[in-house]
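Here is the file final.txt (compact mmCIF, C-alpha atoms).
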# COMPACT_ATOMS: atom_id res chain seq x y z
CA MET S 13 77.88 83.43 94.98
CA SER S 14 81.09 81.59 95.82
CA LEU S 15 82.72 82.49 99.11
CA VAL S 16 86.42 83.37 98.93
CA PHE S 17 88.94 81.79 101.30
CA HIS S 18 92.48 82.97 101.99
CA TRP S 19 95.14 81.29 104.11
CA PHE S 20 98.05 82.81 106.07
CA LEU S 21 101.82 82.73 105.64
CA PRO S 22 103.43 82.66 109.14
CA THR S 23 106.39 84.92 108.45
CA ASN S 24 106.85 85.15 112.23
CA GLY S 25 107.53 81.39 112.44
CA ASP S 26 105.29 78.37 112.85
CA SER S 27 104.77 75.64 115.41
CA ARG S 28 102.49 72.97 116.78
CA HIS S 29 101.88 75.54 119.50
CA VAL S 30 100.46 79.04 119.12
CA VAL S 31 103.07 81.55 118.00
CA GLY S 32 102.30 84.72 119.91
CA GLY S 33 103.29 88.30 119.21
CA GLY S 34 102.04 91.19 117.12
CA HIS S 35 100.68 94.64 117.93
CA GLY S 36 103.95 95.74 119.45
CA THR S 37 104.77 92.46 121.20
CA PRO S 38 107.55 90.15 119.94
CA ALA S 39 106.96 86.69 118.51
CA THR S 40 107.11 84.01 121.20
CA ALA S 41 109.82 81.37 121.35
CA SER S 42 107.57 78.82 119.65
CA GLY S 43 108.10 80.75 116.43
CA ARG S 44 111.55 79.17 116.22
CA ASP S 45 110.08 75.66 115.97
CA ARG S 46 109.58 76.08 112.23
CA PRO S 47 111.53 79.12 111.02
CA PRO S 48 109.85 81.13 108.25
CA THR S 49 112.19 80.07 105.47
CA VAL S 50 111.21 80.56 101.85
CA ALA S 51 111.18 76.78 101.47
CA TYR S 52 108.73 76.22 104.34
CA LEU S 53 106.49 79.16 103.44
CA SER S 54 106.42 77.93 99.84
CA GLN S 55 105.31 74.53 101.08
CA ILE S 56 102.35 76.16 102.87
CA ALA S 57 101.59 78.33 99.84
CA ARG S 58 101.55 75.38 97.45
CA ALA S 59 99.26 73.44 99.79
CA ALA S 60 96.88 76.40 100.04
CA GLU S 61 96.89 76.80 96.27
CA ASP S 62 96.09 73.15 95.66
CA LEU S 63 93.33 73.06 98.28
CA GLY S 64 91.47 75.99 96.75
CA PHE S 65 92.44 79.05 98.77
CA VAL S 66 92.50 82.18 96.61
CA GLY S 67 95.22 84.04 98.45
CA ALA S 68 97.50 84.12 101.48
CA LEU S 69 97.88 86.98 103.95
CA THR S 70 101.32 87.99 105.16
CA PRO S 71 101.57 90.18 108.30
CA THR S 72 103.61 93.32 108.82
CA GLY S 73 105.58 94.63 111.78
CA ALA S 74 108.79 94.21 113.72
CA TRP S 75 107.74 90.72 114.87
CA CYS S 76 107.90 89.10 111.40
CA GLU S 77 109.77 89.05 108.10
CA ASP S 78 109.09 91.77 105.55
CA ALA S 79 105.93 90.94 103.59
CA TRP S 80 106.93 92.46 100.23
CA LEU S 81 110.26 90.65 99.97
CA THR S 82 108.98 87.35 101.31
CA THR S 83 105.95 87.10 99.05
CA ALA S 84 107.99 88.13 96.01
CA MET S 85 110.21 85.10 96.63
CA VAL S 86 107.41 82.69 97.52
CA SER S 87 105.42 83.75 94.45
CA GLN S 88 108.06 82.16 92.24
CA ASN S 89 107.23 78.76 93.74
CA THR S 90 103.47 78.99 93.10
CA GLU S 91 101.28 79.43 90.04
CA ARG S 92 97.83 80.74 90.97
CA LEU S 93 97.86 81.81 94.63
CA LYS S 94 97.49 85.53 95.27
CA PHE S 95 99.36 87.33 98.04
CA LEU S 96 97.54 89.65 100.43
CA VAL S 97 100.55 91.77 101.36
CA ALA S 98 100.17 93.78 104.57
CA PHE S 99 102.04 97.08 104.54
CA ARG S 100 102.04 100.39 106.37
CA PRO S 101 101.57 103.53 104.29
CA GLY S 102 103.78 105.69 106.49
CA PHE S 103 106.92 103.69 105.76
CA VAL S 104 107.22 104.20 102.00
CA SER S 105 106.29 106.98 99.59
CA PRO S 106 102.94 106.54 97.81
CA THR S 107 104.50 106.86 94.36
CA LEU S 108 107.07 104.17 95.14
CA ALA S 109 104.40 101.92 96.66
CA ALA S 110 102.24 102.29 93.55
CA GLN S 111 105.27 101.40 91.41
CA MET S 112 106.12 98.39 93.60
CA ALA S 113 102.56 97.12 93.29
CA ALA S 114 102.62 97.53 89.52
CA THR S 115 105.91 95.63 89.29
CA PHE S 116 104.56 92.86 91.54
CA GLN S 117 101.51 92.50 89.31
CA ARG S 118 103.57 92.20 86.14
CA GLN S 119 106.08 89.75 87.58
CA THR S 120 103.45 87.47 89.15
CA GLY S 121 100.73 87.62 86.53
CA GLY S 122 98.38 89.79 88.59
CA ARG S 123 98.59 88.00 91.95
CA LEU S 124 98.86 90.94 94.35
CA LEU S 125 96.26 92.05 96.90
CA LEU S 126 97.07 94.86 99.34
CA ASN S 127 96.22 94.88 103.05
CA VAL S 128 96.68 98.47 104.20
CA VAL S 129 97.65 98.58 107.89
CA THR S 130 97.67 102.08 109.34
CA GLY S 131 99.41 100.98 112.55
CA GLY S 132 97.79 100.99 115.99
CA GLU S 133 100.89 101.16 118.20
CA SER S 134 102.69 104.50 118.39
CA HIS S 135 105.77 103.07 120.10
CA GLU S 136 106.28 100.59 117.25
CA GLN S 137 105.66 103.28 114.63
CA ARG S 138 108.29 105.52 116.26
CA ALA S 139 110.84 102.72 115.94
CA TYR S 140 110.37 103.08 112.18
CA GLY S 141 110.68 106.87 112.32
CA ASP S 142 106.95 107.62 112.27
CA PHE S 143 105.93 110.09 114.97
CA LEU S 144 102.35 110.90 113.97
CA ASP S 145 99.56 110.11 116.40
CA LYS S 146 96.91 107.54 115.55
CA ASP S 147 94.29 109.86 114.02
CA ASP S 148 96.91 111.58 111.90
CA ARG S 149 98.16 108.20 110.71
CA TYR S 150 94.65 107.45 109.42
CA ARG S 151 94.45 110.85 107.71
CA ARG S 152 97.77 110.12 106.05
CA THR S 153 96.46 106.72 104.95
CA GLY S 154 93.56 108.46 103.22
CA GLU S 155 95.93 110.78 101.37
CA PHE S 156 98.20 107.85 100.52
CA LEU S 157 95.36 105.85 98.96
CA GLU S 158 94.12 108.89 97.05
CA ILE S 159 97.54 109.26 95.45
CA VAL S 160 98.06 105.56 94.78
CA ARG S 161 94.64 105.06 93.22
CA GLY S 162 95.16 108.07 90.96
CA LEU S 163 98.49 106.68 89.78
CA TRP S 164 96.98 103.24 89.15
CA GLU S 165 94.36 104.90 86.97
CA GLY S 166 97.16 106.30 84.82
CA ARG S 167 96.68 109.90 85.91
CA THR S 168 99.35 112.44 86.71
CA VAL S 169 98.85 113.26 90.39
CA ASP S 170 99.52 116.51 92.21
CA LEU S 171 98.49 116.57 95.84
CA ALA S 172 99.45 118.86 98.69
CA GLY S 173 97.88 117.20 101.67
CA GLU S 174 98.17 117.62 105.40
CA HIS S 175 100.79 114.84 105.59
CA LEU S 176 101.78 113.90 102.03
CA ARG S 177 102.81 115.96 99.04
CA VAL S 178 103.59 114.86 95.50
CA GLU S 179 104.07 116.84 92.31
CA ASP S 180 103.81 115.54 88.74
CA ALA S 181 103.66 111.95 90.02
CA GLN S 182 102.96 109.29 87.41
CA LEU S 183 103.69 105.67 86.55
CA ALA S 184 105.36 104.58 83.33
CA ARG S 185 103.26 101.39 83.43
CA VAL S 186 100.06 100.97 85.41
CA PRO S 187 99.21 97.64 87.09
CA ASP S 188 96.92 95.27 85.24
CA PRO S 189 94.76 94.32 86.97
CA VAL S 190 94.69 97.05 89.60
CA PRO S 191 95.28 95.39 93.02
CA GLU S 192 92.30 95.30 95.33
CA VAL S 193 92.75 97.12 98.64
CA TYR S 194 91.85 95.42 101.93
CA PHE S 195 91.63 97.42 105.14
CA GLY S 196 90.39 97.14 108.72
CA GLY S 197 89.81 99.50 111.61
CA SER S 198 87.22 100.06 114.32
CA SER S 199 87.64 103.77 115.08
CA PRO S 200 85.41 106.45 113.52
CA ILE S 201 88.21 107.83 111.37
CA ALA S 202 89.09 104.30 110.16
CA GLY S 203 85.50 103.92 109.01
CA GLU S 204 85.74 107.11 106.98
CA VAL S 205 88.93 105.93 105.26
CA ALA S 206 87.36 102.55 104.48
CA ALA S 207 84.19 104.08 103.07
CA ARG S 208 86.10 106.37 100.73
CA HIS S 209 89.02 104.26 99.50
CA VAL S 210 88.96 100.48 100.00
CA ASP S 211 87.50 97.48 98.20
CA VAL S 212 87.23 94.99 101.08
CA TYR S 213 86.67 95.89 104.73
CA LEU S 214 88.15 93.32 107.11
CA THR S 215 87.10 92.66 110.68
CA TRP S 216 88.60 90.33 113.25
CA GLY S 217 86.54 87.37 114.38
CA GLU S 218 84.06 88.85 116.82
CA PRO S 219 80.71 87.17 117.59
CA PRO S 220 78.17 87.47 114.76
CA ALA S 221 76.10 90.18 116.44
CA GLN S 222 79.13 92.46 116.74
CA VAL S 223 80.23 91.69 113.19
CA ALA S 224 76.75 92.58 111.94
CA GLU S 225 76.99 95.97 113.67
CA LYS S 226 80.33 96.66 111.97
CA ILE S 227 79.01 95.69 108.56
CA ASP S 228 75.98 97.96 108.94
CA TRP S 229 78.23 100.82 110.08
CA ILE S 230 80.68 100.59 107.19
CA ARG S 231 77.97 99.86 104.63
CA GLY S 232 76.15 103.02 105.70
CA LEU S 233 79.29 105.15 105.49
CA ALA S 234 80.12 103.78 102.05
CA ALA S 235 76.60 104.42 100.78
CA LYS S 236 76.98 108.09 101.67
CA LYS S 237 80.02 108.14 99.36
CA GLY S 238 78.11 106.34 96.61
CA ARG S 239 80.26 103.24 97.04
CA THR S 240 79.68 99.53 97.73
CA LEU S 241 82.27 97.48 99.63
CA ARG S 242 82.78 93.78 100.18
CA PHE S 243 83.37 92.39 103.66
CA GLY S 244 85.84 89.86 105.02
CA ILE S 245 86.70 88.34 108.39
CA ARG S 246 90.01 87.21 109.90
CA LEU S 247 89.86 84.00 111.97
CA HIS S 248 91.90 81.02 113.08
CA VAL S 249 90.44 77.53 112.62
CA ILE S 250 90.65 74.23 114.48
CA THR S 251 88.50 71.75 112.59
CA ARG S 252 88.48 67.96 112.99
CA ASP S 253 86.38 64.94 112.09
CA THR S 254 84.57 65.26 115.43
CA SER S 255 83.78 68.14 117.74
CA ALA S 256 85.49 66.37 120.64
CA ALA S 257 88.72 66.03 118.68
CA ALA S 258 88.68 69.72 117.75
CA TRP S 259 88.13 70.89 121.33
CA ALA S 260 90.82 68.49 122.55
CA GLU S 261 93.23 70.25 120.19
CA ALA S 262 92.12 73.68 121.42
CA ASN S 263 92.70 72.56 125.00
CA ARG S 264 96.13 71.19 124.06
CA LEU S 265 97.08 74.58 122.68
CA LEU S 266 95.72 76.28 125.80
CA ASP S 267 97.73 73.95 128.05
CA GLY S 268 100.85 75.10 126.21
CA PHE S 269 100.38 78.75 127.22
CA ASP S 270 102.98 79.68 129.80
CA PRO S 271 101.26 81.85 132.47
CA GLN S 272 104.17 84.29 132.52
CA THR S 273 103.98 84.68 128.75
CA VAL S 274 100.24 85.31 128.95
CA ARG S 275 100.77 88.04 131.55
CA PHE S 276 103.55 89.64 129.50
CA VAL S 277 101.55 89.63 126.27
CA GLN S 278 98.36 90.86 127.93
CA ALA S 279 100.24 93.69 129.63
CA GLY S 280 101.64 94.77 126.28
CA LEU S 281 98.35 94.49 124.42
CA SER S 282 96.48 96.38 127.12
CA ARG S 283 98.48 99.47 126.12
CA SER S 284 97.39 99.17 122.49
CA GLU S 285 95.83 102.23 120.88
CA SER S 286 93.93 100.01 118.45
CA GLU S 287 90.19 99.92 119.12
CA GLY S 288 90.02 96.60 117.31
CA GLN S 289 92.67 95.16 119.63
CA GLN S 290 90.80 96.39 122.69
CA ARG S 291 87.66 94.69 121.36
CA MET S 292 89.65 91.46 121.02
CA LEU S 293 90.91 91.73 124.60
CA ALA S 294 87.40 92.30 125.90
CA LEU S 295 86.32 88.93 124.52
CA HIS S 296 88.44 87.00 127.05
CA GLY S 297 89.44 89.60 129.63
CA GLY S 298 92.83 87.92 130.08
CA SER S 299 91.18 84.87 131.68
CA ARG S 300 91.29 81.22 130.63
CA ASP S 301 87.67 80.80 131.72
CA ALA S 302 84.62 80.97 129.43
CA LEU S 303 86.66 81.19 126.24
CA GLU S 304 83.85 79.90 124.00
CA ILE S 305 82.22 83.29 123.42
CA HIS S 306 79.71 82.07 120.80
CA PRO S 307 79.01 78.52 119.64
CA ASN S 308 82.28 77.21 118.15
CA LEU S 309 84.00 80.62 118.51
CA TRP S 310 87.00 80.37 120.88
CA ALA S 311 88.92 83.39 122.18
CA GLY S 312 91.92 81.46 123.51
CA ILE S 313 94.36 82.49 120.77
CA GLY S 314 94.11 86.11 121.92
CA LEU S 315 95.69 85.28 125.27
CA VAL S 316 99.13 85.15 123.65
CA ARG S 317 98.69 86.74 120.22
CA GLY S 318 97.93 90.28 119.16
CA GLY S 319 95.53 91.00 116.33
CA ALA S 320 93.27 88.15 115.30
CA GLY S 321 92.60 86.28 118.54
CA THR S 322 89.62 84.01 117.91
CA ALA S 323 89.25 80.60 116.28
CA LEU S 324 86.40 78.57 114.87
CA VAL S 325 86.58 75.25 116.74
CA GLY S 326 84.49 72.18 116.02
CA SER S 327 83.72 69.37 113.66
CA HIS S 328 83.88 70.06 109.95
CA GLU S 329 80.10 70.32 109.89
CA GLU S 330 80.03 72.76 112.81
CA VAL S 331 82.73 74.99 111.34
CA ALA S 332 80.90 75.01 107.99
CA GLU S 333 77.72 76.09 109.80
CA ARG S 334 79.50 78.97 111.52
CA ILE S 335 80.88 80.10 108.17
CA LYS S 336 77.36 80.04 106.77
CA GLU S 337 76.25 82.16 109.74
CA TYR S 338 78.86 84.83 108.98
CA ALA S 339 78.10 84.64 105.26
CA ALA S 340 74.43 85.34 105.99
CA LEU S 341 75.52 88.64 107.58
CA GLY S 342 77.33 89.71 104.41
CA ILE S 343 80.83 88.28 104.91
CA GLU S 344 82.13 87.12 101.52
CA GLU S 345 85.83 86.57 102.22
CA PHE S 346 87.45 84.56 105.01
CA VAL S 347 91.13 85.01 105.91
CA LEU S 348 92.04 81.94 107.95
CA SER S 349 95.01 80.38 109.74
CA GLY S 350 95.83 77.59 112.18
CA TYR S 351 98.72 76.01 114.04
CA PRO S 352 100.69 74.58 112.42
CA HIS S 353 99.70 76.26 109.18
CA LEU S 354 100.65 73.44 106.85
CA GLU S 355 98.62 70.75 108.59
CA GLU S 356 95.66 72.98 109.44
CA ALA S 357 95.35 74.06 105.79
CA TYR S 358 94.68 70.41 104.95
CA TRP S 359 92.23 69.90 107.83
CA PHE S 360 90.16 72.85 106.63
CA GLY S 361 90.66 72.33 102.91
CA GLU S 362 89.75 68.66 102.95
CA GLY S 363 87.17 68.81 105.74
CA VAL S 364 85.21 72.05 105.44
CA LEU S 365 85.54 73.31 101.86
CA PRO S 366 83.90 70.20 100.32
CA ARG S 367 80.89 70.68 102.58
CA LEU S 368 80.57 74.29 101.53
CA ALA S 369 80.86 73.18 97.89
CA GLU S 370 77.98 70.73 98.36
CA ALA S 371 75.94 73.59 99.83
CA GLY S 372 76.64 75.68 96.73
CA LEU S 373 78.66 78.27 98.66
CA TRP S 374 82.14 77.57 97.31
CA LYS S 375 83.88 76.57 94.10
CA HIS S 376 87.52 75.67 93.65
CA PRO S 377 89.26 78.61 91.90
CA ALA S 378 90.83 76.21 89.41
CA GLY S 379 87.36 75.26 88.18
CA ASP S 380 88.20 71.86 86.71
CA ARG S 381 89.12 70.63 90.18
CA LEU S 382 85.51 70.97 91.33
CA THR S 383 84.49 67.56 90.01
CA SER S 384 86.89 65.90 92.45
CA VAL S 385 85.64 67.78 95.51
CA ARG S 386 83.65 65.44 97.71
CA VAL S 387 82.82 65.30 101.40
CA PRO S 388 85.18 62.66 102.84
CA PHE S 389 83.46 59.60 104.34
CA ALA S 390 79.96 61.04 103.73
CA SER S 391 77.19 58.48 103.54

Once you've parsed the file, please lay out its structure as structure tokens.
Amino acid sequence: MSLVFHWFLPTNGDSRHVVGGGHGTPATASGRDRPPTVAYLSQIARAAEDLGFVGALTPTGAWCEDAWLTTAMVSQNTERLKFLVAFRPGFVSPTLAAQMAATFQRQTGGRLLLNVVTGGESHEQRAYGDFLDKDDRYRRTGEFLEIVRGLWEGRTVDLAGEHLRVEDAQLARVPDPVPEVYFGGSSPIAGEVAARHVDVYLTWGEPPAQVAEKIDWIRGLAAKKGRTLRFGIRLHVITRDTSAAAWAEANRLLDGFDPQTVRFVQAGLSRSESEGQQRMLALHGGSRDALEIHPNLWAGIGLVRGGAGTALVGSHEEVAERIKEYAALGIEEFVLSGYPHLEEAYWFGEGVLPRLAEAGLWKHPAGDRLTSVRVPFAS
């Protein structure tokens, strides 16, 4: 088995400092250090492609650029990299979304992956004209995916659901290949949607014991539906030649957190309806103390950023060992990021991936590149 690694396109801006925001909070001022231009994002995408990442996640929300439009443009400057496009089902009709996905597949040579984000913040959803409560949003997501998957199979779909209704819906051309659907959520109803409809269940970077509980939960729900899912994890990374250098970088980022910004972000995130976000907040409790919550797992990012708030921090060997630990639980895909995203892609790609290749856990997607993958400076 070869583990799959994805990188991240910072469509909210990039910096040598942490760019905060997300889950209803705006991007912090550091996001203006490196604006998310197509040129800069393409530079990151090309680096990720060359290093051996399979895809790149783009976020969704008011805090960042639109994921569909941005990835469509960046895709023209890459050859192999796939795009894990985050989108919210309530903002576009399912038939149109299925058509958009099919078009994206044809125009990029099959390089679309879909990250379905139901939306955990009612106040942000209302700004887009969506006034359903959280549980109803998940029910709508289930109906949405039922319609979309039927259309991708080439069927004519009629559905009169609780929230969505289509009649005689069909696609003139189905996508080839059909995009895989990624999805995350920690509430009971999110688990039901995942078990019934998705290909890859994503969790944020909690300690291994908590991740194992989530995997067992979703795996059990899927088994009742006669389905088998894959599992992925969303993490930041700070990896260096030595552990001391990696922790020095983490502390530099922490020193850059303005206390007022931390209070503002934490106040906003504390109102989040997302169970996953509340689990992230519980890892640090809004405090700068005791942020290493598991060996090499640092919760500092979550002080200023919504969503994924933990990072793997350590030497290349230590980070590789933590990845092996998650892989042993059943995690097959890793969606990673780091500040700044261009430089950190190289730190991870040149420092950690070769070690995983030597352990037989990773192969470069280009295949013929594998012969050149070596652990730098290894004796």

Around all the atoms of segment 332-343 of chain S listed in the file, with 8 Å of room on each side, what axis-aligned box do you get, giving centre and edge lengths in Å to one decimal, as lines of an AutoDock Vina configuration file?
center_x = 77.7
center_y = 82.4
center_z = 108.0
size_x = 22.5
size_y = 30.7
size_z = 23.1

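The gap separating atom CA of Arg300 of chain S from atom CA of Lys336 of chain S is 27.7 Å, in Å to one decimal.
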
Show me, as a compact mmCIF listing (two decimals) with C-alpha atoms, in the frame of the given file, the residues that have an atom within 9 Å of Pro101 of chain S when counting all atoms listed in the file, minus same-chain residues fewer than 3 positions from it.
# COMPACT_ATOMS: atom_id res chain seq x y z
CA VAL S 104 107.22 104.20 102.00
CA SER S 105 106.29 106.98 99.59
CA PRO S 106 102.94 106.54 97.81
CA ALA S 109 104.40 101.92 96.66
CA VAL S 128 96.68 98.47 104.20
CA VAL S 129 97.65 98.58 107.89
CA THR S 130 97.67 102.08 109.34
CA GLY S 131 99.41 100.98 112.55
CA ARG S 149 98.16 108.20 110.71
CA ARG S 152 97.77 110.12 106.05
CA THR S 153 96.46 106.72 104.95
CA PHE S 156 98.20 107.85 100.52
CA LEU S 157 95.36 105.85 98.96

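You can rank S:Glu345, S:Glu285, S:Arg252, S:Glu204 by their closest distance to Ala235 of chain S using all atoms listed in the file, and at the top of that list sits S:Glu204.
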
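Atom CA of Thr168 of chain S to atom CA of Gln182 of chain S spans 4.8 Å [interatomic distance, one decimal].
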
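Nearest-residue note for Arg151 of chain S: choosing from S:His175, S:Arg167, S:His353, S:Arg138, the minimum distance belongs to S:His175, counting all atoms listed in the file.
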
Grab the atom CA of Tyr213 of chain S to atom CA of Ala113 of chain S distance for me, in Å with one decimal place. 19.6 Å

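When all atoms listed in the file are used to measure the gap to Pro366 of chain S, the shortest distance among S:Ala206, S:Glu261, S:Ala332, S:Ala110 belongs to S:Ala332.
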
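Distance check against Gly121 of chain S using only C-alpha atoms: of S:Gly173, S:Gly73, S:Gly166, S:Pro191, the minimum falls on S:Pro191.
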
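Across S:Gln290, S:Gln222, S:Thr251, S:Asn263, the tightest approach to Val325 of chain S is made by S:Thr251 when counting only C-alpha atoms.
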
Looking at all atoms listed in the file, which of S:Ser327, S:Thr23, S:Ser42, S:Gln117 is the one that sits closest to Ala256 of chain S? S:Ser327

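By all atoms listed in the file, and with residues fewer than 3 positions from Val186 of chain S along its chain excluded, the set lying at most 7 Å from it is Ala114, Trp164, Gly166 and Leu183 of chain S.
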
Expected file for segment 169-183 of chain S keeping N, CA, C and O atoms, as a PDB file, in the first residue's frame:
ATOM      1  N   VAL S 169     -32.703  11.190 -13.053  1.00  0.00           N
ATOM      2  CA  VAL S 169     -33.007  11.236 -11.627  1.00  0.00           C
ATOM      3  C   VAL S 169     -34.268  12.052 -11.380  1.00  0.00           C
ATOM      4  O   VAL S 169     -34.396  13.191 -11.838  1.00  0.00           O
ATOM      5  N   ASP S 170     -35.179  11.454 -10.641  1.00  0.00           N
ATOM      6  CA  ASP S 170     -36.341  12.157 -10.095  1.00  0.00           C
ATOM      7  C   ASP S 170     -36.298  11.972  -8.590  1.00  0.00           C
ATOM      8  O   ASP S 170     -36.254  10.838  -8.102  1.00  0.00           O
ATOM      9  N   LEU S 171     -36.288  13.070  -7.858  1.00  0.00           N
ATOM     10  CA  LEU S 171     -36.253  12.973  -6.404  1.00  0.00           C
ATOM     11  C   LEU S 171     -37.041  14.130  -5.800  1.00  0.00           C
ATOM     12  O   LEU S 171     -36.824  15.292  -6.160  1.00  0.00           O
ATOM     13  N   ALA S 172     -37.961  13.780  -4.933  1.00  0.00           N
ATOM     14  CA  ALA S 172     -38.708  14.787  -4.178  1.00  0.00           C
ATOM     15  C   ALA S 172     -38.357  14.585  -2.715  1.00  0.00           C
ATOM     16  O   ALA S 172     -38.991  13.797  -2.011  1.00  0.00           O
ATOM     17  N   GLY S 173     -37.309  15.273  -2.284  1.00  0.00           N
ATOM     18  CA  GLY S 173     -36.829  15.106  -0.936  1.00  0.00           C
ATOM     19  C   GLY S 173     -37.402  16.134   0.021  1.00  0.00           C
ATOM     20  O   GLY S 173     -38.254  16.951  -0.345  1.00  0.00           O
ATOM     21  N   GLU S 174     -36.894  16.095   1.235  1.00  0.00           N
ATOM     22  CA  GLU S 174     -37.325  17.059   2.244  1.00  0.00           C
ATOM     23  C   GLU S 174     -36.842  18.457   1.901  1.00  0.00           C
ATOM     24  O   GLU S 174     -37.514  19.452   2.180  1.00  0.00           O
ATOM     25  N   HIS S 175     -35.659  18.543   1.254  1.00  0.00           N
ATOM     26  CA  HIS S 175     -35.048  19.855   0.975  1.00  0.00           C
ATOM     27  C   HIS S 175     -34.745  20.094  -0.497  1.00  0.00           C
ATOM     28  O   HIS S 175     -34.616  21.238  -0.914  1.00  0.00           O
ATOM     29  N   LEU S 176     -34.610  19.037  -1.279  1.00  0.00           N
ATOM     30  CA  LEU S 176     -34.262  19.176  -2.692  1.00  0.00           C
ATOM     31  C   LEU S 176     -35.261  18.411  -3.548  1.00  0.00           C
ATOM     32  O   LEU S 176     -35.739  17.334  -3.168  1.00  0.00           O
ATOM     33  N   ARG S 177     -35.539  18.970  -4.719  1.00  0.00           N
ATOM     34  CA  ARG S 177     -36.444  18.324  -5.653  1.00  0.00           C
ATOM     35  C   ARG S 177     -35.944  18.525  -7.073  1.00  0.00           C
ATOM     36  O   ARG S 177     -35.652  19.658  -7.482  1.00  0.00           O
ATOM     37  N   VAL S 178     -35.813  17.430  -7.805  1.00  0.00           N
ATOM     38  CA  VAL S 178     -35.462  17.503  -9.220  1.00  0.00           C
ATOM     39  C   VAL S 178     -36.374  16.565  -9.997  1.00  0.00           C
ATOM     40  O   VAL S 178     -36.811  15.531  -9.481  1.00  0.00           O
ATOM     41  N   GLU S 179     -36.654  16.926 -11.235  1.00  0.00           N
ATOM     42  CA  GLU S 179     -37.467  16.096 -12.110  1.00  0.00           C
ATOM     43  C   GLU S 179     -36.762  15.940 -13.449  1.00  0.00           C
ATOM     44  O   GLU S 179     -36.282  16.928 -14.025  1.00  0.00           O
ATOM     45  N   ASP S 180     -36.680  14.694 -13.913  1.00  0.00           N
ATOM     46  CA  ASP S 180     -36.099  14.390 -15.229  1.00  0.00           C
ATOM     47  C   ASP S 180     -34.688  14.970 -15.357  1.00  0.00           C
ATOM     48  O   ASP S 180     -34.299  15.464 -16.415  1.00  0.00           O
ATOM     49  N   ALA S 181     -33.929  14.906 -14.268  1.00  0.00           N
ATOM     50  CA  ALA S 181     -32.555  15.434 -14.289  1.00  0.00           C
ATOM     51  C   ALA S 181     -31.619  14.417 -14.938  1.00  0.00           C
ATOM     52  O   ALA S 181     -31.669  13.222 -14.626  1.00  0.00           O
ATOM     53  N   GLN S 182     -30.755  14.904 -15.813  1.00  0.00           N
ATOM     54  CA  GLN S 182     -29.789  14.020 -16.466  1.00  0.00           C
ATOM     55  C   GLN S 182     -28.646  14.853 -17.018  1.00  0.00           C
ATOM     56  O   GLN S 182     -28.763  16.063 -17.206  1.00  0.00           O
ATOM     57  N   LEU S 183     -27.523  14.179 -17.259  1.00  0.00           N
ATOM     58  CA  LEU S 183     -26.348  14.822 -17.832  1.00  0.00           C
ATOM     59  C   LEU S 183     -26.169  14.359 -19.271  1.00  0.00           C
ATOM     60  O   LEU S 183     -26.331  13.168 -19.572  1.00  0.00           O
TER      61      LEU S 183
END
